[in-house]
Structures are given as C-alpha cells and as structure tokens.
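Step one of this worksheet: look at the structure below.
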Amino acid sequence: MTESEMNKFRHIAGPAYFANQVTSKGNTYFLGLAKEFKDLFQGRGLSDSMYDLENNKRGIEIGSSIKKVDKKVLFDYIFKTEIEPYRNQNF
C-alpha cells in the first residue's frame, strides 16, 4: 500500500473495528474527534484532520452496519471496498 492508502485504511479500519467490536458508534466518533483535535493542536493541519474525520466516519458506518466479524475479515472487506477500487486514483 502507498502511504496515502495506508493513511486512509487506518482511519477507516480503526473506527470500523471499534464500532464493530468495542463500543458504540457515538463513543467511536468521540474518540476519533478527540484524537484529531489533539493532532490539530500539534500542527498537523485542518485539511489533514478533516480528511481523517471523513474516513473515520466511513469506518464507523462500515463497522456498525455489519454483524460482529473477525478483525481480519473486517479489514479484508475494508481493503477490498475502500482501497482497492481507488488504486488508480489520487486521494
């Protein structure tokens, strides 16, 4: 995976896993928002945080829309639906 693909994957897969296995959609969203506020104050930039939050939201949607599944199954699904189809596009 490229660096940008890995960044996108992490920001979808982490929240998807949390929403699917650990806690509620709301708690997952709050944790992601808190992390991005921290990143903002550390100088990472607004556009980076907005992009990350957009991907976090997608992950929460995925994780909360399917029944609890094994982490590998979840991550493979995310790769196949959110990364692989966009391989020839810049994001």
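Following the order of the structure tokens, chains are lettered A, B, ..., residues in each are numbered from 1, and ligands are numbered from 1.
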
**Study point:** Asn88 (chain A) surroundings by only C-alpha atoms, 12 Å radius, close-in-sequence under 3 positions cut, as a PyMOL selection string
**Key:** chain A and resi 2+5+83-85+91

Would you return as an mmCIF file with N, CA and C atoms, in the first residue's frame the members of chain A that DSSP assigns to alpha helix (DSSP H) on this structure's backbone?
```cif
data_model
loop_
_atom_site.group_PDB
_atom_site.id
_atom_site.type_symbol
_atom_site.label_atom_id
_atom_site.label_comp_id
_atom_site.auth_asym_id
_atom_site.auth_seq_id
_atom_site.Cartn_x
_atom_site.Cartn_y
_atom_site.Cartn_z
ATOM 1 N N GLU A 3 1.620 5.223 0.997
ATOM 2 C CA GLU A 3 1.447 5.937 2.264
ATOM 3 C C GLU A 3 0.039 6.526 2.384
ATOM 4 N N SER A 4 -0.477 7.099 1.309
ATOM 5 C CA SER A 4 -1.818 7.682 1.359
ATOM 6 C C SER A 4 -2.886 6.598 1.499
ATOM 7 N N GLU A 5 -2.688 5.455 0.845
ATOM 8 C CA GLU A 5 -3.626 4.344 1.011
ATOM 9 C C GLU A 5 -3.611 3.836 2.456
ATOM 10 N N MET A 6 -2.424 3.738 3.035
ATOM 11 C CA MET A 6 -2.307 3.267 4.417
ATOM 12 C C MET A 6 -2.965 4.247 5.375
ATOM 13 N N ASN A 7 -2.792 5.529 5.143
ATOM 14 C CA ASN A 7 -3.435 6.531 5.995
ATOM 15 C C ASN A 7 -4.953 6.391 5.917
ATOM 16 N N LYS A 8 -5.468 6.281 4.711
ATOM 17 C CA LYS A 8 -6.912 6.116 4.530
ATOM 18 C C LYS A 8 -7.382 4.823 5.197
ATOM 19 N N PHE A 9 -6.660 3.745 4.974
ATOM 20 C CA PHE A 9 -7.038 2.452 5.548
ATOM 21 C C PHE A 9 -7.075 2.511 7.078
ATOM 22 N N ARG A 10 -6.054 3.085 7.681
ATOM 23 C CA ARG A 10 -6.006 3.172 9.148
ATOM 24 C C ARG A 10 -7.192 3.944 9.704
ATOM 25 N N HIS A 11 -7.534 5.037 9.034
ATOM 26 C CA HIS A 11 -8.618 5.887 9.533
ATOM 27 C C HIS A 11 -9.998 5.321 9.235
ATOM 28 N N ILE A 12 -10.086 4.300 8.422
ATOM 29 C CA ILE A 12 -11.340 3.582 8.234
ATOM 30 C C ILE A 12 -11.358 2.337 9.114
ATOM 31 N N ALA A 13 -10.272 1.577 9.100
ATOM 32 C CA ALA A 13 -10.228 0.297 9.804
ATOM 33 C C ALA A 13 -10.313 0.440 11.322
ATOM 34 N N GLY A 14 -9.615 1.403 11.895
ATOM 35 C CA GLY A 14 -9.643 1.570 13.351
ATOM 36 C C GLY A 14 -11.045 1.848 13.867
ATOM 37 N N PRO A 15 -11.708 2.885 13.355
ATOM 38 C CA PRO A 15 -13.080 3.154 13.794
ATOM 39 C C PRO A 15 -14.056 2.014 13.454
ATOM 40 N N ALA A 16 -13.844 1.353 12.318
ATOM 41 C CA ALA A 16 -14.719 0.225 11.967
ATOM 42 C C ALA A 16 -14.594 -0.874 13.017
ATOM 43 N N TYR A 17 -13.374 -1.170 13.407
ATOM 44 C CA TYR A 17 -13.150 -2.198 14.427
ATOM 45 C C TYR A 17 -13.782 -1.786 15.754
ATOM 46 N N LYS A 25 -21.255 3.553 18.236
ATOM 47 C CA LYS A 25 -20.928 4.499 17.169
ATOM 48 C C LYS A 25 -20.564 5.858 17.755
ATOM 49 N N GLY A 26 -21.366 6.332 18.705
ATOM 50 C CA GLY A 26 -21.128 7.641 19.307
ATOM 51 C C GLY A 26 -19.796 7.722 20.030
ATOM 52 N N ASN A 27 -19.489 6.705 20.820
ATOM 53 C CA ASN A 27 -18.200 6.694 21.524
ATOM 54 C C ASN A 27 -17.037 6.633 20.545
ATOM 55 N N THR A 28 -17.186 5.842 19.503
ATOM 56 C CA THR A 28 -16.131 5.734 18.499
ATOM 57 C C THR A 28 -15.910 7.082 17.816
ATOM 58 N N TYR A 29 -16.994 7.755 17.468
ATOM 59 C CA TYR A 29 -16.881 9.072 16.842
ATOM 60 C C TYR A 29 -16.189 10.055 17.784
ATOM 61 N N PHE A 30 -16.582 10.058 19.046
ATOM 62 C CA PHE A 30 -15.983 10.957 20.028
ATOM 63 C C PHE A 30 -14.479 10.699 20.172
ATOM 64 N N LEU A 31 -14.074 9.444 20.242
ATOM 65 C CA LEU A 31 -12.646 9.121 20.368
ATOM 66 C C LEU A 31 -11.854 9.613 19.157
ATOM 67 N N GLY A 32 -12.408 9.425 17.961
ATOM 68 C CA GLY A 32 -11.743 9.908 16.747
ATOM 69 C C GLY A 32 -11.657 11.418 16.708
ATOM 70 N N LEU A 33 -12.725 12.081 17.121
ATOM 71 C CA LEU A 33 -12.743 13.537 17.158
ATOM 72 C C LEU A 33 -11.698 14.070 18.146
ATOM 73 N N ALA A 34 -11.614 13.449 19.308
ATOM 74 C CA ALA A 34 -10.629 13.856 20.309
ATOM 75 C C ALA A 34 -9.208 13.694 19.774
ATOM 76 N N LYS A 35 -8.958 12.597 19.076
ATOM 77 C CA LYS A 35 -7.628 12.358 18.509
ATOM 78 C C LYS A 35 -7.291 13.410 17.460
ATOM 79 N N GLU A 36 -8.258 13.765 16.633
ATOM 80 C CA GLU A 36 -7.993 14.758 15.599
ATOM 81 C C GLU A 36 -7.814 16.155 16.181
ATOM 82 N N PHE A 37 -8.515 16.486 17.255
ATOM 83 C CA PHE A 37 -8.269 17.763 17.937
ATOM 84 C C PHE A 37 -6.843 17.814 18.468
ATOM 85 N N LYS A 38 -6.390 16.709 19.036
ATOM 86 C CA LYS A 38 -5.011 16.629 19.526
ATOM 87 C C LYS A 38 -4.032 16.854 18.360
ATOM 88 N N ASP A 39 -4.276 16.190 17.249
ATOM 89 C CA ASP A 39 -3.414 16.353 16.078
ATOM 90 C C ASP A 39 -3.411 17.798 15.579
ATOM 91 N N LEU A 40 -4.591 18.432 15.589
ATOM 92 C CA LEU A 40 -4.684 19.828 15.167
ATOM 93 C C LEU A 40 -3.789 20.716 16.022
ATOM 94 N N PHE A 41 -3.856 20.531 17.322
ATOM 95 C CA PHE A 41 -3.056 21.343 18.230
ATOM 96 C C PHE A 41 -1.570 21.022 18.141
ATOM 97 N N LEU A 46 -5.615 21.552 9.378
ATOM 98 C CA LEU A 46 -7.057 21.344 9.330
ATOM 99 C C LEU A 46 -7.467 20.381 8.217
ATOM 100 N N SER A 47 -6.874 20.517 7.039
ATOM 101 C CA SER A 47 -7.286 19.649 5.926
ATOM 102 C C SER A 47 -6.971 18.187 6.226
ATOM 103 N N ASP A 48 -5.844 17.924 6.889
ATOM 104 C CA ASP A 48 -5.485 16.553 7.275
ATOM 105 C C ASP A 48 -6.510 15.997 8.261
ATOM 106 N N SER A 49 -6.876 16.800 9.250
ATOM 107 C CA SER A 49 -7.852 16.341 10.245
ATOM 108 C C SER A 49 -9.226 16.127 9.627
ATOM 109 N N MET A 50 -9.625 16.994 8.724
ATOM 110 C CA MET A 50 -10.929 16.841 8.069
ATOM 111 C C MET A 50 -10.959 15.563 7.224
ATOM 112 N N TYR A 51 -9.881 15.288 6.516
ATOM 113 C CA TYR A 51 -9.774 14.069 5.712
ATOM 114 C C TYR A 51 -9.847 12.836 6.618
ATOM 115 N N ASP A 52 -9.129 12.891 7.734
ATOM 116 C CA ASP A 52 -9.130 11.774 8.671
ATOM 117 C C ASP A 52 -10.514 11.559 9.265
ATOM 118 N N LEU A 53 -11.198 12.633 9.644
ATOM 119 C CA LEU A 53 -12.538 12.513 10.215
ATOM 120 C C LEU A 53 -13.531 11.950 9.204
ATOM 121 N N GLU A 54 -13.377 12.325 7.947
ATOM 122 C CA GLU A 54 -14.236 11.785 6.892
ATOM 123 C C GLU A 54 -14.055 10.270 6.781
ATOM 124 N N ASN A 55 -12.804 9.826 6.826
ATOM 125 C CA ASN A 55 -12.529 8.388 6.769
ATOM 126 C C ASN A 55 -12.974 7.689 8.048
ATOM 127 N N ASN A 56 -12.806 8.340 9.199
ATOM 128 C CA ASN A 56 -13.304 7.770 10.457
ATOM 129 C C ASN A 56 -14.805 7.513 10.359
ATOM 130 N N LYS A 57 -15.526 8.493 9.823
ATOM 131 C CA LYS A 57 -16.984 8.367 9.686
ATOM 132 C C LYS A 57 -17.334 7.171 8.809
ATOM 133 N N ARG A 58 -16.616 7.009 7.720
ATOM 134 C CA ARG A 58 -16.850 5.860 6.822
ATOM 135 C C ARG A 58 -16.605 4.554 7.574
ATOM 136 N N GLY A 59 -15.537 4.509 8.362
ATOM 137 C CA GLY A 59 -15.248 3.309 9.145
ATOM 138 C C GLY A 59 -16.336 2.997 10.153
ATOM 139 N N ILE A 60 -16.843 4.023 10.817
ATOM 140 C CA ILE A 60 -17.924 3.824 11.791
ATOM 141 C C ILE A 60 -19.168 3.272 11.093
ATOM 142 N N GLU A 61 -19.470 3.800 9.917
ATOM 143 C CA GLU A 61 -20.617 3.301 9.149
ATOM 144 C C GLU A 61 -20.442 1.826 8.813
ATOM 145 N N ILE A 62 -19.256 1.461 8.357
ATOM 146 C CA ILE A 62 -18.994 0.066 7.994
ATOM 147 C C ILE A 62 -19.078 -0.827 9.230
ATOM 148 N N GLY A 63 -18.362 -0.460 10.278
ATOM 149 C CA GLY A 63 -18.309 -1.302 11.468
ATOM 150 C C GLY A 63 -19.640 -1.494 12.154
ATOM 151 N N SER A 64 -20.468 -0.475 12.121
ATOM 152 C CA SER A 64 -21.753 -0.579 12.809
ATOM 153 C C SER A 64 -22.853 -1.168 11.929
ATOM 154 N N SER A 65 -22.588 -1.306 10.642
ATOM 155 C CA SER A 65 -23.625 -1.806 9.737
ATOM 156 C C SER A 65 -23.571 -3.313 9.523
ATOM 157 N N LYS A 71 -11.604 -9.648 13.042
ATOM 158 C CA LYS A 71 -10.861 -8.458 12.617
ATOM 159 C C LYS A 71 -10.288 -8.624 11.210
ATOM 160 N N LYS A 72 -9.732 -9.773 10.900
ATOM 161 C CA LYS A 72 -9.155 -9.993 9.567
ATOM 162 C C LYS A 72 -10.228 -9.902 8.483
ATOM 163 N N VAL A 73 -11.390 -10.471 8.744
ATOM 164 C CA VAL A 73 -12.500 -10.398 7.781
ATOM 165 C C VAL A 73 -12.905 -8.946 7.572
ATOM 166 N N LEU A 74 -13.019 -8.200 8.665
ATOM 167 C CA LEU A 74 -13.385 -6.788 8.592
ATOM 168 C C LEU A 74 -12.353 -5.994 7.807
ATOM 169 N N PHE A 75 -11.079 -6.192 8.119
ATOM 170 C CA PHE A 75 -10.021 -5.437 7.454
ATOM 171 C C PHE A 75 -9.899 -5.816 5.984
ATOM 172 N N ASP A 76 -10.083 -7.099 5.664
ATOM 173 C CA ASP A 76 -10.066 -7.514 4.257
ATOM 174 C C ASP A 76 -11.214 -6.858 3.488
ATOM 175 N N TYR A 77 -12.383 -6.799 4.112
ATOM 176 C CA TYR A 77 -13.540 -6.155 3.491
ATOM 177 C C TYR A 77 -13.248 -4.677 3.214
ATOM 178 N N ILE A 78 -12.664 -4.007 4.192
ATOM 179 C CA ILE A 78 -12.342 -2.585 4.028
ATOM 180 C C ILE A 78 -11.340 -2.387 2.902
#
```

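Here CA of Lys67 (chain A) and CA of Lys80 (chain A) stand 17.8 Å from one another.
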